[in-house]
Structures are given as structure tokens and as C-alpha cells.
Amino acid sequence: MPNRRCRADNSRGSSPEVRYVLYTGRVMSCLFCKIIDGSIPSTALFEDDICYAFADIHPQAPVHVLVVPREHIPSMADCNQDDTQLMGHLLWAATQIAQLRNLDGGYRVVVNTGEDGGQTVEHLHLHLLGGRLLTWPPG
Ligand code: AMP
Ligand code: ZN
């Protein structure tokens with residue numbers, strides 16, 4: 001796992017939570033970390049050593065999948081140059097899931113980021129949406 005010491009130290013101070021993220025890459029209070037470790041159930045759709053993908057509990061389209069890195073990164077705004085491979089991998093995973101779900105007519109990948117971006121869960125995730133005609137602009 002890449003060294004997240006600087007990010008964790010910067011974003012979380014020196015709380016017990018920081019010590020946890022330094023050793024495991026997960027945050028005990030994070031919903032998606034709990035989904036990744038299986039303590040909250042989910043419907044797995046794709047996984048490898050870098051990411052985990054599961055069905056969104058409130059689907060906004062016939063196919064609505066969340067792709068999350070196993071490592072706890074709060075949002076896309078917390079990614080840096082060291083994360084370019086990880087970010088590319090998440091996008092690649094989305095293409096694999098789109099193929100598995102037969103989204104031959106197209107699909108949309110969304111990364112809500114921060115408060116203005118509508119992000120509600122502070123663990124980086126891609127939404128893969130498809131299976132219907134998606135309109136633009138989004139709300
Ligand atoms: P965002 O608003 O971009 O942060 O996306 C968070 C997403 O997580 C929303 O689409 C929620 O429906 C979804 N979500 C919240 N809790 C769960 C859960 N337990 N299992 C699956 N998806 C969830
Ligand atoms: Zn997390």
C-alpha cells in the first residue's frame with residue numbers, strides 16, 4: 001500500500017483514527033471501509049486487490065454501481081500525483097463492469113466531489129450509471 005502518512009496526518013490530526021488509517025488504510029468510522037471489510041453487507045459486482053465495486057443502495061438507473069478504492073481516500077480532491085495509477089485503475093474497473101452489465105449503448109461515470117459536488121460519503125468512489133437514457137445537464 002502506498003504511504004499515506006502525510007495525507008492522514010494532514011487531514012485527521014493525531015487521533016486514534018489516524019493511527020488506524022496509517023496501519024490498515026481503512027477508517028473505522030467510514031461506511032465504505034466497512035463495506036469493503038464486509039462488516040456492512042453489499043452486493044459485490046467486481047473486485048480486485050485495488051478496488052471493490054458494489055450495487056448502490058438507492059439506484060438512480062437500472063445499473064448503478066459504486067467503484068471504490070480499498071484504500072481510504074476521502075475524495076478526488078485528496079488525490080495527488082502518486083494516485084494517477086489508482087485513479088486510472090478505477091476508471092478501467094468501470095469499463096469492465098460496464099461490459100459485464102452489457103451497457104453497450106453507453107453509460108456515465110460520475111465522481112461527486114466535496115459539498116458543492118454533492119458528495120455524501122467521504123470515501124472516494126465512482127458512480128457507474130447506465131441502462132437508460134441519461135439526460136444532461138445533471139442537477
Ligand atoms: P455520493 O453522494 O456521491 O457520496 O454517493 C454515495 C452513494 O452511496 C449514494 O448514491 C448512496 O445511495 C450510496 N450508499 C449509501 N449507503 C450505501 C450502502 N450501505 N450500500 C450501497 N450504497 C450506499
Ligand atoms: Zn473509507
# chains A, B, ... in the order shown; residues from 1 in each chain; ligands from 1
>>> closest_atom_pairs(of="chain A", to="ligand 2", cutoff="9 Å", atoms="only C-alpha atoms and all ligand atoms", output="Markdown table")
| residue | atom | partner | partner_atom_place_in_ligand_line | distance |
| --- | --- | --- | --- | --- |
| A:Gly25 | CA | ligand 2 | 1 (Zn) | 8.2 |
| A:Arg26 | CA | ligand 2 | 1 (Zn) | 5.6 |
| A:Val27 | CA | ligand 2 | 1 (Zn) | 5.3 |
| A:Met28 | CA | ligand 2 | 1 (Zn) | 7.7 |
| A:Ser29 | CA | ligand 2 | 1 (Zn) | 7.7 |
| A:Cys30 | CA | ligand 2 | 1 (Zn) | 4.5 |
| A:Leu31 | CA | ligand 2 | 1 (Zn) | 6.4 |
| A:Phe32 | CA | ligand 2 | 1 (Zn) | 5.0 |
| A:Cys33 | CA | ligand 2 | 1 (Zn) | 3.9 |
| A:Lys34 | CA | ligand 2 | 1 (Zn) | 7.4 |
| A:Ile35 | CA | ligand 2 | 1 (Zn) | 8.8 |
| A:Ile36 | CA | ligand 2 | 1 (Zn) | 8.3 |
| A:Val68 | CA | ligand 2 | 1 (Zn) | 8.8 |
| A:Pro69 | CA | ligand 2 | 1 (Zn) | 8.6 |
| A:Arg70 | CA | ligand 2 | 1 (Zn) | 7.8 |
| A:Glu71 | CA | ligand 2 | 1 (Zn) | 7.0 |
| A:His72 | CA | ligand 2 | 1 (Zn) | 4.1 |
| A:Ile73 | CA | ligand 2 | 1 (Zn) | 6.5 |
| A:Pro74 | CA | ligand 2 | 1 (Zn) | 6.9 |
| A:Val121 | CA | ligand 2 | 1 (Zn) | 8.5 |
| A:Glu122 | CA | ligand 2 | 1 (Zn) | 6.9 |
| A:His123 | CA | ligand 2 | 1 (Zn) | 4.6 |
| A:Leu124 | CA | ligand 2 | 1 (Zn) | 7.7 |
>>> write_last_selection(atoms="C-alpha atoms", output="PDB file, in the first residue's frame")
ATOM      1  CA  GLY A  25      -5.543   2.048   5.005  1.00  0.00           C
ATOM      2  CA  ARG A  26      -9.068   1.953   6.408  1.00  0.00           C
ATOM      3  CA  VAL A  27     -11.058   4.240   8.676  1.00  0.00           C
ATOM      4  CA  MET A  28     -13.265   2.538  11.238  1.00  0.00           C
ATOM      5  CA  SER A  29     -15.992   5.166  11.032  1.00  0.00           C
ATOM      6  CA  CYS A  30     -16.182   5.140   7.226  1.00  0.00           C
ATOM      7  CA  LEU A  31     -19.233   3.493   5.657  1.00  0.00           C
ATOM      8  CA  PHE A  32     -17.389   2.323   2.550  1.00  0.00           C
ATOM      9  CA  CYS A  33     -14.428   0.991   4.545  1.00  0.00           C
ATOM     10  CA  LYS A  34     -16.966  -1.099   6.458  1.00  0.00           C
ATOM     11  CA  ILE A  35     -18.497  -2.305   3.200  1.00  0.00           C
ATOM     12  CA  ILE A  36     -15.038  -3.223   1.903  1.00  0.00           C
ATOM     13  CA  VAL A  68     -14.284   2.362  -4.537  1.00  0.00           C
ATOM     14  CA  PRO A  69     -10.574   2.001  -3.833  1.00  0.00           C
ATOM     15  CA  ARG A  70      -9.778  -0.393  -0.992  1.00  0.00           C
ATOM     16  CA  GLU A  71      -7.590   2.316   0.423  1.00  0.00           C
ATOM     17  CA  HIS A  72      -9.420   5.074   2.292  1.00  0.00           C
ATOM     18  CA  ILE A  73      -9.056   8.319   0.349  1.00  0.00           C
ATOM     19  CA  PRO A  74     -11.711  10.867   1.356  1.00  0.00           C
ATOM     20  CA  VAL A 121     -19.844   9.577   1.643  1.00  0.00           C
ATOM     21  CA  GLU A 122     -16.274  10.665   2.314  1.00  0.00           C
ATOM     22  CA  HIS A 123     -14.505   7.735   0.676  1.00  0.00           C
ATOM     23  CA  LEU A 124     -13.547   8.259  -2.960  1.00  0.00           C
TER      24      LEU A 124
END
>>> select_by_dssp(residues="stretch 29-81 of chain A", states="strand (DSSP E)", output="list in words")
Ala44, Leu45, Phe46, Glu47, Cys51, Tyr52, Ala53, Phe54, Ala55, Val63, His64, Val65, Leu66, Val67, Val68 and Pro69 of chain A
>>> residues_near_ligand(ligand="ligand 1", cutoff="8 Å", atoms="only C-alpha atoms and all ligand atoms", output="JSON, numbers by chain")
{"A": [31, 32, 35, 40, 41, 42, 54, 55, 56, 57, 58, 59, 60, 66, 110, 111, 112, 113, 117, 118, 119, 120, 121, 122, 123, 125, 126, 127]}
>>> residues_around(residues="A:Leu128", least_positions_apart="2", cutoff="8 Å", atoms="only C-alpha atoms", output="ChimeraX atom specification")
/A:63-67,94,98,107-110,126,130
>>> atom_distance(atom1="atom CA of A:Gly131", atom2="atom CA of A:Gln99")
11.9 Å
>>> select_by_dssp(residues="stretch 37-93 of chain A", states="alpha helix (DSSP H)", output="list in words")
Asp37, Thr84, Gln85, Leu86, Met87, Gly88, His89, Leu90, Leu91, Trp92 and Ala93 of chain A
